[in-house]
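One file, query_1.cif, carrying mmCIF, N, CA and C atoms:
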data_input
#
loop_
_atom_site.label_atom_id
_atom_site.label_comp_id
_atom_site.auth_asym_id
_atom_site.auth_seq_id
_atom_site.Cartn_x
_atom_site.Cartn_y
_atom_site.Cartn_z
N MET A 1 20.97 -52.09 135.34
CA MET A 1 21.53 -53.35 134.87
C MET A 1 23.01 -53.13 134.55
N LEU A 2 23.81 -54.08 134.95
CA LEU A 2 25.23 -54.02 134.64
C LEU A 2 25.46 -54.38 133.18
N ARG A 3 26.51 -53.81 132.61
CA ARG A 3 26.83 -54.06 131.20
C ARG A 3 26.97 -55.55 130.90
N ASP A 4 27.63 -56.28 131.79
CA ASP A 4 27.84 -57.72 131.59
C ASP A 4 26.55 -58.53 131.66
N GLU A 5 25.49 -57.93 132.23
CA GLU A 5 24.21 -58.62 132.33
C GLU A 5 23.28 -58.30 131.16
N CYS A 6 23.61 -57.29 130.40
CA CYS A 6 22.76 -56.87 129.28
C CYS A 6 22.85 -57.91 128.16
N PRO A 7 21.73 -58.51 127.77
CA PRO A 7 21.76 -59.53 126.72
C PRO A 7 22.32 -59.03 125.40
N VAL A 8 22.05 -57.79 125.04
CA VAL A 8 22.58 -57.24 123.79
C VAL A 8 24.10 -57.13 123.88
N SER A 9 24.62 -56.69 125.01
CA SER A 9 26.07 -56.60 125.20
C SER A 9 26.72 -57.97 125.10
N VAL A 10 26.07 -58.97 125.67
CA VAL A 10 26.61 -60.34 125.61
C VAL A 10 26.70 -60.78 124.16
N ALA A 11 25.64 -60.57 123.40
CA ALA A 11 25.63 -60.99 121.99
C ALA A 11 26.68 -60.23 121.19
N LEU A 12 26.76 -58.93 121.38
CA LEU A 12 27.72 -58.13 120.62
C LEU A 12 29.16 -58.47 120.97
N ARG A 13 29.40 -58.84 122.20
CA ARG A 13 30.76 -59.22 122.61
C ARG A 13 31.23 -60.44 121.82
N VAL A 14 30.32 -61.37 121.52
CA VAL A 14 30.68 -62.59 120.80
C VAL A 14 30.95 -62.30 119.32
N ILE A 15 30.18 -61.40 118.72
CA ILE A 15 30.32 -61.15 117.28
C ILE A 15 31.09 -59.88 116.97
N ALA A 16 31.54 -59.17 118.02
CA ALA A 16 32.26 -57.93 117.79
C ALA A 16 33.63 -58.22 117.16
N GLY A 17 33.99 -57.40 116.23
CA GLY A 17 35.24 -57.54 115.51
C GLY A 17 35.00 -57.06 114.10
N LYS A 18 35.98 -56.46 113.53
CA LYS A 18 35.81 -55.85 112.21
C LYS A 18 35.34 -56.86 111.16
N TRP A 19 35.83 -58.10 111.22
CA TRP A 19 35.53 -59.07 110.17
C TRP A 19 34.65 -60.22 110.61
N LYS A 20 34.36 -60.35 111.89
CA LYS A 20 33.54 -61.47 112.37
C LYS A 20 32.17 -61.52 111.70
N PRO A 21 31.45 -60.39 111.60
CA PRO A 21 30.15 -60.48 110.93
C PRO A 21 30.26 -60.97 109.48
N LEU A 22 31.33 -60.56 108.78
CA LEU A 22 31.50 -61.02 107.40
C LEU A 22 31.87 -62.49 107.34
N ILE A 23 32.67 -62.94 108.27
CA ILE A 23 33.01 -64.37 108.34
C ILE A 23 31.73 -65.18 108.57
N LEU A 24 30.93 -64.74 109.54
CA LEU A 24 29.69 -65.45 109.84
C LEU A 24 28.74 -65.42 108.65
N ARG A 25 28.69 -64.30 107.94
CA ARG A 25 27.85 -64.21 106.75
C ARG A 25 28.29 -65.23 105.70
N GLU A 26 29.58 -65.35 105.49
CA GLU A 26 30.09 -66.29 104.47
C GLU A 26 29.83 -67.74 104.85
N LEU A 27 29.78 -68.02 106.14
CA LEU A 27 29.60 -69.40 106.59
C LEU A 27 28.13 -69.75 106.84
N LYS A 28 27.23 -68.77 106.80
CA LYS A 28 25.84 -69.01 107.20
C LYS A 28 25.09 -69.99 106.30
N SER A 29 25.54 -70.17 105.08
CA SER A 29 24.84 -71.08 104.16
C SER A 29 24.99 -72.54 104.58
N GLY A 30 25.93 -72.81 105.44
CA GLY A 30 26.15 -74.18 105.89
C GLY A 30 27.26 -74.89 105.14
N VAL A 31 27.81 -74.24 104.11
CA VAL A 31 28.90 -74.82 103.33
C VAL A 31 30.22 -74.56 104.05
N SER A 32 31.06 -75.59 104.16
CA SER A 32 32.38 -75.42 104.74
C SER A 32 33.28 -74.71 103.73
N LEU A 33 34.08 -73.79 104.22
CA LEU A 33 34.98 -73.04 103.35
C LEU A 33 36.41 -73.18 103.83
N ARG A 34 37.32 -73.25 102.87
CA ARG A 34 38.74 -73.25 103.20
C ARG A 34 39.18 -71.83 103.50
N PHE A 35 40.32 -71.70 104.16
CA PHE A 35 40.83 -70.39 104.53
C PHE A 35 40.98 -69.50 103.30
N GLY A 36 41.55 -70.04 102.23
CA GLY A 36 41.76 -69.27 101.01
C GLY A 36 40.45 -68.77 100.41
N GLN A 37 39.41 -69.59 100.50
CA GLN A 37 38.10 -69.16 100.01
C GLN A 37 37.57 -67.99 100.83
N LEU A 38 37.73 -68.08 102.14
CA LEU A 38 37.31 -66.97 103.00
C LEU A 38 38.11 -65.71 102.68
N GLN A 39 39.40 -65.87 102.46
CA GLN A 39 40.24 -64.73 102.12
C GLN A 39 39.77 -64.05 100.83
N ARG A 40 39.43 -64.84 99.83
CA ARG A 40 38.96 -64.27 98.56
C ARG A 40 37.60 -63.59 98.71
N ARG A 41 36.77 -64.11 99.61
CA ARG A 41 35.44 -63.52 99.81
C ARG A 41 35.48 -62.29 100.70
N ILE A 42 36.55 -62.16 101.49
CA ILE A 42 36.72 -61.00 102.37
C ILE A 42 38.12 -60.43 102.09
N PRO A 43 38.34 -59.87 100.91
CA PRO A 43 39.68 -59.47 100.49
C PRO A 43 40.30 -58.33 101.31
N GLU A 44 39.46 -57.54 101.97
CA GLU A 44 40.00 -56.42 102.75
C GLU A 44 40.68 -56.87 104.04
N ALA A 45 40.36 -58.07 104.51
CA ALA A 45 40.93 -58.58 105.76
C ALA A 45 42.31 -59.17 105.50
N SER A 46 43.27 -58.77 106.32
CA SER A 46 44.61 -59.34 106.19
C SER A 46 44.59 -60.79 106.68
N GLN A 47 45.57 -61.55 106.25
CA GLN A 47 45.66 -62.95 106.66
C GLN A 47 45.75 -63.05 108.18
N LYS A 48 46.55 -62.19 108.79
CA LYS A 48 46.76 -62.21 110.24
C LYS A 48 45.45 -61.95 110.99
N VAL A 49 44.72 -60.94 110.57
CA VAL A 49 43.49 -60.57 111.26
C VAL A 49 42.40 -61.62 111.01
N LEU A 50 42.30 -62.11 109.79
CA LEU A 50 41.32 -63.14 109.48
C LEU A 50 41.58 -64.39 110.33
N THR A 51 42.84 -64.78 110.43
CA THR A 51 43.22 -65.93 111.25
C THR A 51 42.84 -65.69 112.70
N SER A 52 43.14 -64.52 113.21
CA SER A 52 42.84 -64.18 114.60
C SER A 52 41.34 -64.22 114.87
N GLN A 53 40.56 -63.65 113.97
CA GLN A 53 39.12 -63.60 114.20
C GLN A 53 38.49 -65.00 114.06
N LEU A 54 39.00 -65.80 113.15
CA LEU A 54 38.53 -67.19 113.05
C LEU A 54 38.84 -67.96 114.33
N ARG A 55 40.01 -67.75 114.88
CA ARG A 55 40.38 -68.43 116.15
C ARG A 55 39.46 -68.00 117.28
N GLN A 56 39.13 -66.70 117.33
CA GLN A 56 38.23 -66.21 118.37
C GLN A 56 36.83 -66.82 118.21
N LEU A 57 36.34 -66.88 116.98
CA LEU A 57 35.03 -67.49 116.74
C LEU A 57 35.06 -68.98 117.08
N GLU A 58 36.18 -69.62 116.81
CA GLU A 58 36.32 -71.04 117.16
C GLU A 58 36.35 -71.20 118.68
N ARG A 59 37.11 -70.35 119.34
CA ARG A 59 37.20 -70.38 120.80
C ARG A 59 35.83 -70.19 121.45
N ASP A 60 35.01 -69.32 120.85
CA ASP A 60 33.69 -69.04 121.40
C ASP A 60 32.64 -70.07 120.97
N GLY A 61 33.05 -71.06 120.19
CA GLY A 61 32.17 -72.16 119.83
C GLY A 61 31.25 -71.89 118.65
N LEU A 62 31.46 -70.78 117.94
CA LEU A 62 30.58 -70.44 116.82
C LEU A 62 31.03 -71.07 115.51
N VAL A 63 32.33 -71.26 115.38
CA VAL A 63 32.91 -71.78 114.14
C VAL A 63 33.71 -73.03 114.47
N GLY A 64 33.57 -74.03 113.64
CA GLY A 64 34.35 -75.25 113.78
C GLY A 64 35.43 -75.30 112.70
N ARG A 65 36.53 -75.91 113.04
CA ARG A 65 37.65 -76.04 112.10
C ARG A 65 37.96 -77.52 111.95
N ALA A 66 37.99 -77.95 110.71
CA ALA A 66 38.33 -79.35 110.42
C ALA A 66 39.63 -79.35 109.63
N VAL A 67 40.60 -80.13 110.10
CA VAL A 67 41.90 -80.22 109.44
C VAL A 67 42.00 -81.58 108.78
N PHE A 68 42.32 -81.57 107.49
CA PHE A 68 42.47 -82.79 106.72
C PHE A 68 43.94 -82.96 106.38
N HIS A 69 44.53 -84.05 106.87
CA HIS A 69 45.94 -84.32 106.64
C HIS A 69 46.09 -85.08 105.33
N GLU A 70 46.19 -84.32 104.27
CA GLU A 70 46.36 -84.88 102.93
C GLU A 70 47.75 -84.51 102.45
N THR A 71 48.01 -84.69 101.17
CA THR A 71 49.31 -84.31 100.62
C THR A 71 49.61 -82.86 100.99
N ILE A 72 48.62 -82.01 100.79
CA ILE A 72 48.70 -80.62 101.24
C ILE A 72 47.67 -80.47 102.34
N LEU A 73 48.11 -79.99 103.49
CA LEU A 73 47.21 -79.81 104.63
C LEU A 73 46.04 -78.92 104.22
N ARG A 74 44.83 -79.37 104.51
CA ARG A 74 43.63 -78.63 104.13
C ARG A 74 42.81 -78.37 105.39
N THR A 75 42.40 -77.13 105.56
CA THR A 75 41.59 -76.73 106.71
C THR A 75 40.29 -76.13 106.20
N GLN A 76 39.19 -76.55 106.79
CA GLN A 76 37.89 -76.00 106.43
C GLN A 76 37.19 -75.47 107.66
N TYR A 77 36.45 -74.40 107.45
CA TYR A 77 35.71 -73.76 108.53
C TYR A 77 34.22 -73.84 108.23
N SER A 78 33.43 -74.01 109.28
CA SER A 78 31.98 -74.04 109.14
C SER A 78 31.36 -73.58 110.46
N LEU A 79 30.09 -73.19 110.37
CA LEU A 79 29.36 -72.84 111.59
C LEU A 79 29.08 -74.10 112.38
N THR A 80 29.19 -73.99 113.67
CA THR A 80 28.79 -75.09 114.56
C THR A 80 27.28 -75.00 114.76
N GLY A 81 26.72 -75.96 115.44
CA GLY A 81 25.30 -75.89 115.79
C GLY A 81 25.01 -74.63 116.59
N TYR A 82 25.89 -74.32 117.51
CA TYR A 82 25.75 -73.10 118.32
C TYR A 82 25.84 -71.86 117.43
N GLY A 83 26.75 -71.87 116.47
CA GLY A 83 26.90 -70.74 115.56
C GLY A 83 25.66 -70.55 114.69
N ARG A 84 25.03 -71.66 114.31
CA ARG A 84 23.82 -71.56 113.49
C ARG A 84 22.67 -70.90 114.25
N THR A 85 22.70 -70.94 115.59
CA THR A 85 21.65 -70.28 116.36
C THR A 85 21.71 -68.76 116.20
N LEU A 86 22.82 -68.24 115.72
CA LEU A 86 22.97 -66.80 115.50
C LEU A 86 22.33 -66.33 114.19
N ARG A 87 22.09 -67.24 113.27
CA ARG A 87 21.58 -66.85 111.94
C ARG A 87 20.36 -65.95 111.99
N PRO A 88 19.31 -66.27 112.76
CA PRO A 88 18.15 -65.38 112.76
C PRO A 88 18.49 -63.96 113.25
N ALA A 89 19.33 -63.87 114.25
CA ALA A 89 19.71 -62.55 114.77
C ALA A 89 20.52 -61.77 113.73
N LEU A 90 21.44 -62.46 113.05
CA LEU A 90 22.24 -61.79 112.03
C LEU A 90 21.39 -61.37 110.83
N GLU A 91 20.42 -62.20 110.47
CA GLU A 91 19.54 -61.85 109.37
C GLU A 91 18.69 -60.63 109.71
N GLU A 92 18.23 -60.56 110.96
CA GLU A 92 17.45 -59.39 111.38
C GLU A 92 18.33 -58.14 111.42
N LEU A 93 19.56 -58.27 111.87
CA LEU A 93 20.49 -57.13 111.84
C LEU A 93 20.74 -56.68 110.40
N ALA A 94 20.84 -57.63 109.49
CA ALA A 94 21.05 -57.29 108.08
C ALA A 94 19.84 -56.54 107.53
N ARG A 95 18.63 -56.99 107.87
CA ARG A 95 17.42 -56.29 107.42
C ARG A 95 17.40 -54.86 107.95
N TRP A 96 17.72 -54.72 109.22
CA TRP A 96 17.76 -53.39 109.84
C TRP A 96 18.80 -52.52 109.14
N GLY A 97 19.97 -53.08 108.85
CA GLY A 97 21.02 -52.35 108.18
C GLY A 97 20.62 -51.90 106.78
N ARG A 98 19.95 -52.78 106.05
CA ARG A 98 19.48 -52.40 104.71
C ARG A 98 18.47 -51.26 104.78
N ARG A 99 17.56 -51.33 105.75
CA ARG A 99 16.54 -50.28 105.88
C ARG A 99 17.15 -48.93 106.26
N HIS A 100 18.21 -48.95 107.04
CA HIS A 100 18.78 -47.71 107.57
C HIS A 100 20.12 -47.34 106.98
N LYS A 101 20.49 -47.99 105.91
CA LYS A 101 21.78 -47.77 105.27
C LYS A 101 22.00 -46.32 104.85
N HIS A 102 20.97 -45.69 104.36
CA HIS A 102 21.11 -44.34 103.82
C HIS A 102 20.58 -43.27 104.79
N THR A 103 20.37 -43.62 106.03
CA THR A 103 19.84 -42.67 107.00
C THR A 103 20.92 -41.78 107.55
#

Please go through the file and, once you have read it, give me the structure as structure tokens.
Amino acid sequence: MLRDECPVSVALRVIAGKWKPLILRELKSGVSLRFGQLQRRIPEASQKVLTSQLRQLERDGLVGRAVFHETILRTQYSLTGYGRTLRPALEELARWGRRHKHT
């Protein structure tokens, strides 16, 4: 089987990135979060990298961005319907990680 045909490789290509799994974890509850809220919840990620990874997730259709033109421009991020389909897989990966954390 070619690498591009491997279903696991396809899935990992979409969520690969140092901060993407953490971004997806923060958004999995279904609550929309502003950029600043994501930054506070993932403090190790620089603004530049967080922005880049959010754009990649948006490009891949997993994360939606809503811009509100108010006195101060407000942007919120949330999982799309497509992004929500990843939740069971991410939860299973988390269970596996917890079981094997100290191995």

Write out as CSV a residue-level contact list of stretch 43-100 of chain A versus stretch 17-22 of chain A with cut-off 8 Å: for each qualifying residue the closest pair of atoms and the distance in Å to one decimal, counting all atoms listed in the file, rows sorted by chain and residue number upward.
residue,atom,partner,partner_atom,distance
A:Ala45,CA,A:Trp19,CA,7.0
A:Val49,C,A:Trp19,CA,7.4
A:Leu50,CA,A:Trp19,CA,7.1
A:Gln53,CA,A:Lys20,N,6.2
A:Leu54,N,A:Lys20,CA,7.0
A:Leu57,CA,A:Lys20,CA,7.6

Can you write just those residues out, N, CA and C atoms, as an mmCIF file, keeping the file's coordinate frame?
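File written: selection04.cif
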data_model
loop_
_atom_site.group_PDB
_atom_site.id
_atom_site.type_symbol
_atom_site.label_atom_id
_atom_site.label_comp_id
_atom_site.auth_asym_id
_atom_site.auth_seq_id
_atom_site.Cartn_x
_atom_site.Cartn_y
_atom_site.Cartn_z
ATOM 1 N N ALA A 45 40.360 -58.070 104.510
ATOM 2 C CA ALA A 45 40.930 -58.580 105.760
ATOM 3 C C ALA A 45 42.310 -59.170 105.500
ATOM 4 N N VAL A 49 44.720 -60.940 110.570
ATOM 5 C CA VAL A 49 43.490 -60.570 111.260
ATOM 6 C C VAL A 49 42.400 -61.620 111.010
ATOM 7 N N LEU A 50 42.300 -62.110 109.790
ATOM 8 C CA LEU A 50 41.320 -63.140 109.480
ATOM 9 C C LEU A 50 41.580 -64.390 110.330
ATOM 10 N N GLN A 53 40.560 -63.650 113.970
ATOM 11 C CA GLN A 53 39.120 -63.600 114.200
ATOM 12 C C GLN A 53 38.490 -65.000 114.060
ATOM 13 N N LEU A 54 39.000 -65.800 113.150
ATOM 14 C CA LEU A 54 38.530 -67.190 113.050
ATOM 15 C C LEU A 54 38.840 -67.960 114.330
ATOM 16 N N LEU A 57 36.340 -66.880 116.980
ATOM 17 C CA LEU A 57 35.030 -67.490 116.740
ATOM 18 C C LEU A 57 35.060 -68.980 117.080
#

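Shortest atom-to-atom contact with A:Gln76 among A:Ile42, A:Arg55, A:Arg34, A:Ala16: A:Arg34, counting only N, CA and C atoms.
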
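When only N, CA and C atoms are used to measure the gap to A:Leu27, the shortest distance among A:Gln47, A:Tyr77, A:Leu2, A:Arg13 belongs to A:Tyr77.
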
So which residues touch A:Leu62 within 6 Å, counting all atoms listed in the file, skipping near sequence neighbours fewer than 5 positions away, as a ChimeraX atom specification?
/A:57,78-80,82-83

Starting from 4 Å padding per side, set up an axis-aligned box that covers all listed atoms of stretch 67-82 of chain A and hand over centre and edge lengths in Å, one decimal, as lines of an AutoDock Vina configuration file.
center_x = 37.3
center_y = -78.5
center_z = 109.5
size_x = 32.6
size_y = 21.2
size_z = 25.7

Separating atom CA of A:His69 from atom N of A:Phe35, to the nearest tenth of an Å, is a gap of 14.0 Å

Enumerate as a list in words all residues of chain A assigned to strand (DSSP E) by DSSP on the backbone, naming them with the chain letters and numbers the document uses.
Leu33, Arg34, Val63, Gly64, Arg65, Ala66, Val67, Phe68, Arg74, Thr75, Gln76, Tyr77, Ser78 and Leu79 of chain A

Selection as a VMD selection string: residues within 10 Å of (25.3, -67.9, 106.6), counting only C-alpha atoms:
chain A and resid 21 to 31 78 to 79 83 to 84 86 to 88 90 to 91

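Atom CA of A:Arg65 is positioned 12.9 Å from atom CA of A:Gly81.
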
All helix (DSSP H, G or I) residues (DSSP, backbone) inside stretch 16-81 of chain A, as a PyMOL selection string:
chain A and resi 20-27+35-41+47-59+81

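Our summary of the geometry notes that atom CA of A:Val14 is positioned 9.7 Å from atom CA of A:Gly61.
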
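Each of A:Glu70, A:Ala11, A:Met1, A:Thr51 was compared to A:Gly36 using only C-alpha atoms, and A:Thr51 turns out to be the nearest.
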